[in-house]
Amino acid sequence: MARAPKGDAALPAFKYFADPVGVGVFEKSDQPCACCGKARGWVYTGPVYSEADEAIVCPWCIADGSAAAKFSCTFNDTGQLYSHPDNEDEPDPDELAEIEERTPGFENWQGNYWYVCCGHAAVFLGDASGEDLQGRWKSALPVVFADAEEILEDLQENLDELERGGSPGVYVFKCPHCGKLGGYFDMD
Ligand SMILES: [Zn+2]
Ligand SMILES: [Zn+2]
């Protein structure tokens with residue numbers, strides 16, 4: 001029977017973050033984790049909000065909350081929430097604590113805030129390229145730019161040129177309840 005290669009242990013799943021490897025916040029590395037001390041083959045490379053932001057931590061110590069507890073850090077900032085324009089109910093504080101303390105963060109311009117829909121935190125899918133916004137994530141556009149028609153018009157004229165990490169950055173989320181896409185944008 002074939003053995004799993006070292007370092008390819010199944011990564012933990014995150015309820016509110018669909019694909020940390022695809023988004024690029026988990027990377028293969030032999031560096032040991034500053035929290036558990038183990039070199040498990042993967043490290044987290046996204047934002048950390050604390051004084052210990054140089055600490056390298058592994059995905060497992062994010063998932064079980066031990067990195068947040070050890071370094072008094074958070075990975076996302078739910079102090080500001082974006083909501084679907086038809087439903088601005090706020091989620092339960094437990095959901096927001098899971099996003100801050102047990103969910104990886106992602107790079108953006110002004111701070112990685114979260115998106116809510118149907119009174120619950122939505123699942124982060126990724127920052128969109130122009131191709132995403134013309135294809136798989138097209139339905140997010142009218143929600144993301146509901147209050148910014150002029151920016152949307154400018155963006156639509158140059159959609160082919162929008163790259164991930166560009167400006168505006170478009171952060172796409174999916175509501176686990178109604179299934180609709182939404183999210184928010186920010187600019188450099
Ligand atoms: Zn660890
Ligand atoms: Zn919804």
# chains A, B, ... in the order shown; residues from 1 in each chain; ligands from 1

call {"tool": "residues_near_ligand", "arguments": {"ligand": "ligand 2", "cutoff": "12 Å", "atoms": "only C-alpha atoms and all ligand atoms", "output": "CSV table (one decimal) with N, CA, C and O atoms, in the first residue's frame"}}
result
chain,number,residue,atom,x,y,z
A,83,SER,N,-22.8,43.7,4.4
A,83,SER,CA,-23.9,42.7,4.3
A,83,SER,C,-24.7,42.9,3.0
A,83,SER,O,-24.6,43.9,2.3
A,84,HIS,N,-25.4,41.8,2.7
A,84,HIS,CA,-26.2,41.8,1.5
A,84,HIS,C,-27.2,43.0,1.7
A,84,HIS,O,-27.8,43.1,2.8
A,85,PRO,N,-27.5,43.8,0.6
A,85,PRO,CA,-28.3,44.9,0.8
A,85,PRO,C,-29.8,44.6,1.2
A,85,PRO,O,-30.5,45.4,1.8
A,86,ASP,N,-30.2,43.4,0.9
A,86,ASP,CA,-31.6,43.0,1.3
A,86,ASP,C,-31.7,42.5,2.7
A,86,ASP,O,-32.8,42.1,3.2
A,87,ASN,N,-30.6,42.2,3.4
A,87,ASN,CA,-30.6,41.6,4.7
A,87,ASN,C,-29.4,42.0,5.5
A,87,ASN,O,-28.3,41.5,5.3
A,88,GLU,N,-29.6,42.9,6.4
A,88,GLU,CA,-28.5,43.4,7.2
A,88,GLU,C,-28.4,42.9,8.6
A,88,GLU,O,-27.8,43.5,9.5
A,89,ASP,N,-29.1,41.8,8.9
A,89,ASP,CA,-29.1,41.2,10.2
A,89,ASP,C,-27.6,40.8,10.5
A,89,ASP,O,-27.0,40.2,9.7
A,90,GLU,N,-27.2,41.0,11.8
A,90,GLU,CA,-25.8,40.6,12.1
A,90,GLU,C,-25.8,39.2,12.7
A,90,GLU,O,-26.7,38.7,13.3
A,91,PRO,N,-24.7,38.5,12.4
A,91,PRO,CA,-24.6,37.2,12.9
A,91,PRO,C,-24.3,37.1,14.4
A,91,PRO,O,-24.0,38.1,15.0
A,115,TYR,N,-18.1,39.4,5.2
A,115,TYR,CA,-19.4,39.6,4.5
A,115,TYR,C,-20.4,38.7,5.2
A,115,TYR,O,-20.2,37.6,5.5
A,116,VAL,N,-21.6,39.3,5.4
A,116,VAL,CA,-22.7,38.5,6.0
A,116,VAL,C,-23.9,38.5,5.1
A,116,VAL,O,-24.2,39.5,4.4
A,117,CYS,N,-24.7,37.5,5.2
A,117,CYS,CA,-26.0,37.4,4.4
A,117,CYS,C,-26.9,36.5,5.2
A,117,CYS,O,-26.4,35.5,5.8
A,118,CYS,N,-28.2,36.7,5.1
A,118,CYS,CA,-29.2,35.9,5.8
A,118,CYS,C,-28.9,35.9,7.3
A,118,CYS,O,-29.2,34.9,8.0
A,119,GLY,N,-28.3,36.9,7.9
A,119,GLY,CA,-28.0,36.9,9.3
A,119,GLY,C,-26.9,36.0,9.7
A,119,GLY,O,-26.7,35.8,10.9
A,120,HIS,N,-26.1,35.5,8.8
A,120,HIS,CA,-24.9,34.7,9.1
A,120,HIS,C,-23.7,35.1,8.3
A,120,HIS,O,-23.8,35.6,7.2
A,121,ALA,N,-22.6,34.7,8.9
A,121,ALA,CA,-21.3,34.9,8.2
A,121,ALA,C,-21.3,34.1,6.9
A,121,ALA,O,-21.7,32.9,6.9
A,122,ALA,N,-20.8,34.6,5.8
A,122,ALA,CA,-20.7,33.9,4.6
A,122,ALA,C,-19.3,33.3,4.5
A,122,ALA,O,-18.4,33.6,5.2
A,123,VAL,N,-19.2,32.4,3.5
A,123,VAL,CA,-17.9,31.7,3.2
A,123,VAL,C,-17.1,32.5,2.2
A,123,VAL,O,-17.5,32.7,1.1
A,143,VAL,N,-24.1,42.8,-6.3
A,143,VAL,CA,-24.2,42.9,-4.9
A,143,VAL,C,-23.0,43.7,-4.3
A,143,VAL,O,-23.2,44.6,-3.5
A,173,PHE,N,-17.8,36.2,-1.6
A,173,PHE,CA,-18.2,35.3,-0.6
A,173,PHE,C,-19.5,34.6,-1.0
A,173,PHE,O,-20.2,35.1,-1.9
A,174,LYS,N,-19.8,33.4,-0.4
A,174,LYS,CA,-21.0,32.7,-0.7
A,174,LYS,C,-21.8,32.5,0.5
A,174,LYS,O,-21.3,32.0,1.5
A,175,CYS,N,-23.1,32.8,0.5
A,175,CYS,CA,-23.9,32.6,1.7
A,175,CYS,C,-24.3,31.1,1.8
A,175,CYS,O,-24.8,30.5,0.8
A,176,PRO,N,-24.0,30.5,2.9
A,176,PRO,CA,-24.3,29.1,3.1
A,176,PRO,C,-25.8,28.8,3.2
A,176,PRO,O,-26.2,27.6,3.1
A,177,HIS,N,-26.6,29.8,3.3
A,177,HIS,CA,-28.0,29.6,3.5
A,177,HIS,C,-28.8,29.8,2.2
A,177,HIS,O,-29.5,28.9,1.8
A,178,CYS,N,-28.7,31.0,1.6
A,178,CYS,CA,-29.4,31.2,0.3
A,178,CYS,C,-28.6,30.8,-0.9
A,178,CYS,O,-29.1,30.7,-2.0
A,179,GLY,N,-27.3,30.6,-0.7
A,179,GLY,CA,-26.4,30.2,-1.8
A,179,GLY,C,-26.0,31.3,-2.7
A,179,GLY,O,-25.3,31.1,-3.7
A,180,LYS,N,-26.5,32.6,-2.4
A,180,LYS,CA,-26.1,33.7,-3.3
A,180,LYS,C,-24.7,34.2,-3.1
A,180,LYS,O,-24.2,34.1,-1.9
A,181,LEU,N,-24.1,34.7,-4.1
A,181,LEU,CA,-22.8,35.3,-4.0
A,181,LEU,C,-22.9,36.7,-3.7
A,181,LEU,O,-23.9,37.4,-4.0
A,182,GLY,N,-21.9,37.2,-3.0
A,182,GLY,CA,-21.9,38.6,-2.6
A,182,GLY,C,-20.4,38.9,-2.2
A,182,GLY,O,-19.5,38.2,-2.6
A,183,GLY,N,-20.3,40.0,-1.5
A,183,GLY,CA,-18.9,40.4,-1.0
A,183,GLY,C,-18.8,41.9,-1.0
A,183,GLY,O,-19.7,42.6,-0.9

call {"tool": "closest_atom_pairs", "arguments": {"of": "chain A", "to": "ligand 1", "cutoff": "7 Å", "atoms": "only C-alpha atoms and all ligand atoms", "output": "CSV"}}
result
residue,atom,partner,partner_atom_place_in_ligand_line,distance
A:Cys33,CA,ligand 1,1 (Zn),4.6
A:Ala34,CA,ligand 1,1 (Zn),6.6
A:Cys35,CA,ligand 1,1 (Zn),4.9
A:Cys36,CA,ligand 1,1 (Zn),4.0
A:Gly37,CA,ligand 1,1 (Zn),6.2
A:Lys38,CA,ligand 1,1 (Zn),6.1
A:Val57,CA,ligand 1,1 (Zn),5.4
A:Cys58,CA,ligand 1,1 (Zn),4.2
A:Pro59,CA,ligand 1,1 (Zn),6.7
A:Trp60,CA,ligand 1,1 (Zn),5.6
A:Cys61,CA,ligand 1,1 (Zn),4.3

call {"tool": "select_by_dssp", "arguments": {"residues": "segment 4-73 of chain A", "states": "strand (DSSP E)", "output": "VMD selection string"}}
result
chain A and resid 26 to 28 42 to 44

call {"tool": "write_last_selection", "arguments": {"atoms": "N, CA and C atoms", "output": "PDB file, in the first residue's frame"}}
result
ATOM      1  N   PHE A  26      -2.078  29.414   2.462  1.00  0.00           N
ATOM      2  CA  PHE A  26      -1.329  28.275   3.010  1.00  0.00           C
ATOM      3  C   PHE A  26      -0.308  27.887   1.948  1.00  0.00           C
ATOM      4  N   GLU A  27       0.946  27.787   2.376  1.00  0.00           N
ATOM      5  CA  GLU A  27       1.989  27.411   1.424  1.00  0.00           C
ATOM      6  C   GLU A  27       2.798  26.263   1.977  1.00  0.00           C
ATOM      7  N   LYS A  28       3.288  25.431   1.069  1.00  0.00           N
ATOM      8  CA  LYS A  28       4.147  24.322   1.486  1.00  0.00           C
ATOM      9  C   LYS A  28       5.450  24.885   2.032  1.00  0.00           C
ATOM     10  N   TRP A  42       3.161  22.612   5.935  1.00  0.00           N
ATOM     11  CA  TRP A  42       2.398  23.770   5.465  1.00  0.00           C
ATOM     12  C   TRP A  42       2.495  24.876   6.510  1.00  0.00           C
ATOM     13  N   VAL A  43       2.561  26.106   6.038  1.00  0.00           N
ATOM     14  CA  VAL A  43       2.472  27.255   6.953  1.00  0.00           C
ATOM     15  C   VAL A  43       1.464  28.261   6.400  1.00  0.00           C
ATOM     16  N   TYR A  44       1.002  29.083   7.298  1.00  0.00           N
ATOM     17  CA  TYR A  44       0.059  30.161   6.975  1.00  0.00           C
ATOM     18  C   TYR A  44       0.854  31.419   6.622  1.00  0.00           C
TER      19      TYR A  44
END

call {"tool": "residues_around", "arguments": {"residues": "Ala148 of chain A", "least_positions_apart": "5", "cutoff": "12 Å", "atoms": "only C-alpha atoms", "output": "ChimeraX atom specification"}}
result
/A:141-143,153-155,168,184-186

call {"tool": "select_by_dssp", "arguments": {"residues": "segment 46-92 of chain A", "states": "alpha helix (DSSP H)", "output": "number ranges by chain"}}
result
A: 59-63, 66-71

call {"tool": "atom_distance", "arguments": {"atom1": "atom CA of Glu51 of chain A", "atom2": "atom CA of Asn112 of chain A"}}
result
17.3 Å

call {"tool": "closest_residue", "arguments": {"among": "A:Leu159, A:Ala39, A:Cys73, A:Val170", "to": "Ala55 of chain A", "atoms": "only C-alpha atoms"}}
result
A:Cys73

call {"tool": "closest_residue", "arguments": {"among": "A:Gln156, A:Gln110, A:Thr74, A:Ser129", "to": "Val172 of chain A", "atoms": "only C-alpha atoms"}}
result
A:Ser129

call {"tool": "atom_distance", "arguments": {"atom1": "atom CA of Asp160 of chain A", "atom2": "atom CA of Glu131 of chain A"}}
result
6.6 Å

call {"tool": "decode", "arguments": {"residues": "segment 2-80 of chain A", "atoms": "C-alpha atoms", "output": "PDB file, in the first residue's frame"}}
result
ATOM      1  CA  ALA A   2       1.315   3.458  -0.883  1.00  0.00           C
ATOM      2  CA  ARG A   3       2.092   5.747   2.004  1.00  0.00           C
ATOM      3  CA  ALA A   4       1.043   9.393   1.923  1.00  0.00           C
ATOM      4  CA  PRO A   5       4.106  11.488   1.176  1.00  0.00           C
ATOM      5  CA  LYS A   6       5.478  13.444   4.108  1.00  0.00           C
ATOM      6  CA  GLY A   7       3.911  16.869   4.458  1.00  0.00           C
ATOM      7  CA  ASP A   8       0.778  16.006   2.520  1.00  0.00           C
ATOM      8  CA  ALA A   9      -1.414  15.242   5.511  1.00  0.00           C
ATOM      9  CA  ALA A  10      -4.968  16.433   4.795  1.00  0.00           C
ATOM     10  CA  LEU A  11      -5.272  20.083   5.681  1.00  0.00           C
ATOM     11  CA  PRO A  12      -7.984  21.071   8.133  1.00  0.00           C
ATOM     12  CA  ALA A  13     -11.244  22.319   6.592  1.00  0.00           C
ATOM     13  CA  PHE A  14     -12.518  25.783   7.479  1.00  0.00           C
ATOM     14  CA  LYS A  15     -16.235  26.466   7.645  1.00  0.00           C
ATOM     15  CA  TYR A  16     -15.847  30.076   6.466  1.00  0.00           C
ATOM     16  CA  PHE A  17     -12.872  29.855   4.094  1.00  0.00           C
ATOM     17  CA  ALA A  18     -13.327  27.555   1.114  1.00  0.00           C
ATOM     18  CA  ASP A  19      -9.855  27.219  -0.394  1.00  0.00           C
ATOM     19  CA  PRO A  20      -6.874  28.643   1.540  1.00  0.00           C
ATOM     20  CA  VAL A  21      -4.379  26.860  -0.735  1.00  0.00           C
ATOM     21  CA  GLY A  22      -6.040  28.254  -3.876  1.00  0.00           C
ATOM     22  CA  VAL A  23      -6.182  31.757  -2.403  1.00  0.00           C
ATOM     23  CA  GLY A  24      -2.504  31.365  -1.498  1.00  0.00           C
ATOM     24  CA  VAL A  25      -2.558  31.814   2.284  1.00  0.00           C
ATOM     25  CA  PHE A  26      -1.329  28.275   3.010  1.00  0.00           C
ATOM     26  CA  GLU A  27       1.989  27.411   1.424  1.00  0.00           C
ATOM     27  CA  LYS A  28       4.147  24.322   1.486  1.00  0.00           C
ATOM     28  CA  SER A  29       7.089  24.859   3.809  1.00  0.00           C
ATOM     29  CA  ASP A  30       9.395  22.894   6.081  1.00  0.00           C
ATOM     30  CA  GLN A  31       9.442  25.676   8.667  1.00  0.00           C
ATOM     31  CA  PRO A  32       8.290  24.704  12.142  1.00  0.00           C
ATOM     32  CA  CYS A  33       5.152  26.263  13.567  1.00  0.00           C
ATOM     33  CA  ALA A  34       5.807  28.823  16.330  1.00  0.00           C
ATOM     34  CA  CYS A  35       2.743  27.526  18.177  1.00  0.00           C
ATOM     35  CA  CYS A  36       2.957  23.689  18.155  1.00  0.00           C
ATOM     36  CA  GLY A  37       6.665  23.493  17.261  1.00  0.00           C
ATOM     37  CA  LYS A  38       6.069  20.918  14.518  1.00  0.00           C
ATOM     38  CA  ALA A  39       7.123  21.163  10.884  1.00  0.00           C
ATOM     39  CA  ARG A  40       3.973  19.803   9.275  1.00  0.00           C
ATOM     40  CA  GLY A  41       4.686  20.727   5.667  1.00  0.00           C
ATOM     41  CA  TRP A  42       2.398  23.770   5.465  1.00  0.00           C
ATOM     42  CA  VAL A  43       2.472  27.255   6.953  1.00  0.00           C
ATOM     43  CA  TYR A  44       0.059  30.161   6.975  1.00  0.00           C
ATOM     44  CA  THR A  45       1.224  33.255   5.074  1.00  0.00           C
ATOM     45  CA  GLY A  46      -1.801  35.548   5.443  1.00  0.00           C
ATOM     46  CA  PRO A  47      -2.336  38.487   7.789  1.00  0.00           C
ATOM     47  CA  VAL A  48      -2.034  38.191  11.570  1.00  0.00           C
ATOM     48  CA  TYR A  49      -3.320  40.968  13.791  1.00  0.00           C
ATOM     49  CA  SER A  50      -1.164  41.031  16.909  1.00  0.00           C
ATOM     50  CA  GLU A  51       2.215  42.052  18.184  1.00  0.00           C
ATOM     51  CA  ALA A  52       3.480  38.580  17.244  1.00  0.00           C
ATOM     52  CA  ASP A  53       2.796  39.056  13.568  1.00  0.00           C
ATOM     53  CA  GLU A  54       6.194  37.677  12.633  1.00  0.00           C
ATOM     54  CA  ALA A  55       5.296  34.268  14.075  1.00  0.00           C
ATOM     55  CA  ILE A  56       4.942  31.468  11.534  1.00  0.00           C
ATOM     56  CA  VAL A  57       1.982  29.249  12.379  1.00  0.00           C
ATOM     57  CA  CYS A  58       0.552  26.123  10.802  1.00  0.00           C
ATOM     58  CA  PRO A  59      -3.000  25.612   9.473  1.00  0.00           C
ATOM     59  CA  TRP A  60      -3.833  23.157  12.272  1.00  0.00           C
ATOM     60  CA  CYS A  61      -3.029  25.697  15.012  1.00  0.00           C
ATOM     61  CA  ILE A  62      -5.346  28.178  13.289  1.00  0.00           C
ATOM     62  CA  ALA A  63      -8.126  25.584  12.987  1.00  0.00           C
ATOM     63  CA  ASP A  64      -8.108  24.569  16.649  1.00  0.00           C
ATOM     64  CA  GLY A  65      -7.698  28.102  17.993  1.00  0.00           C
ATOM     65  CA  SER A  66      -4.350  27.417  19.670  1.00  0.00           C
ATOM     66  CA  ALA A  67      -2.424  30.038  17.640  1.00  0.00           C
ATOM     67  CA  ALA A  68      -4.985  32.759  18.461  1.00  0.00           C
ATOM     68  CA  ALA A  69      -4.841  31.816  22.146  1.00  0.00           C
ATOM     69  CA  LYS A  70      -1.044  31.587  22.340  1.00  0.00           C
ATOM     70  CA  PHE A  71      -0.285  34.851  20.528  1.00  0.00           C
ATOM     71  CA  SER A  72      -3.478  36.780  21.431  1.00  0.00           C
ATOM     72  CA  CYS A  73      -3.954  37.330  17.728  1.00  0.00           C
ATOM     73  CA  THR A  74      -6.752  37.379  15.197  1.00  0.00           C
ATOM     74  CA  PHE A  75      -6.647  36.622  11.481  1.00  0.00           C
ATOM     75  CA  ASN A  76      -9.651  38.652  10.354  1.00  0.00           C
ATOM     76  CA  ASP A  77     -11.354  41.811  11.555  1.00  0.00           C
ATOM     77  CA  THR A  78     -15.097  41.501  12.061  1.00  0.00           C
ATOM     78  CA  GLY A  79     -15.252  44.982  13.618  1.00  0.00           C
ATOM     79  CA  GLN A  80     -16.641  46.025  10.257  1.00  0.00           C
TER      80      GLN A  80
END
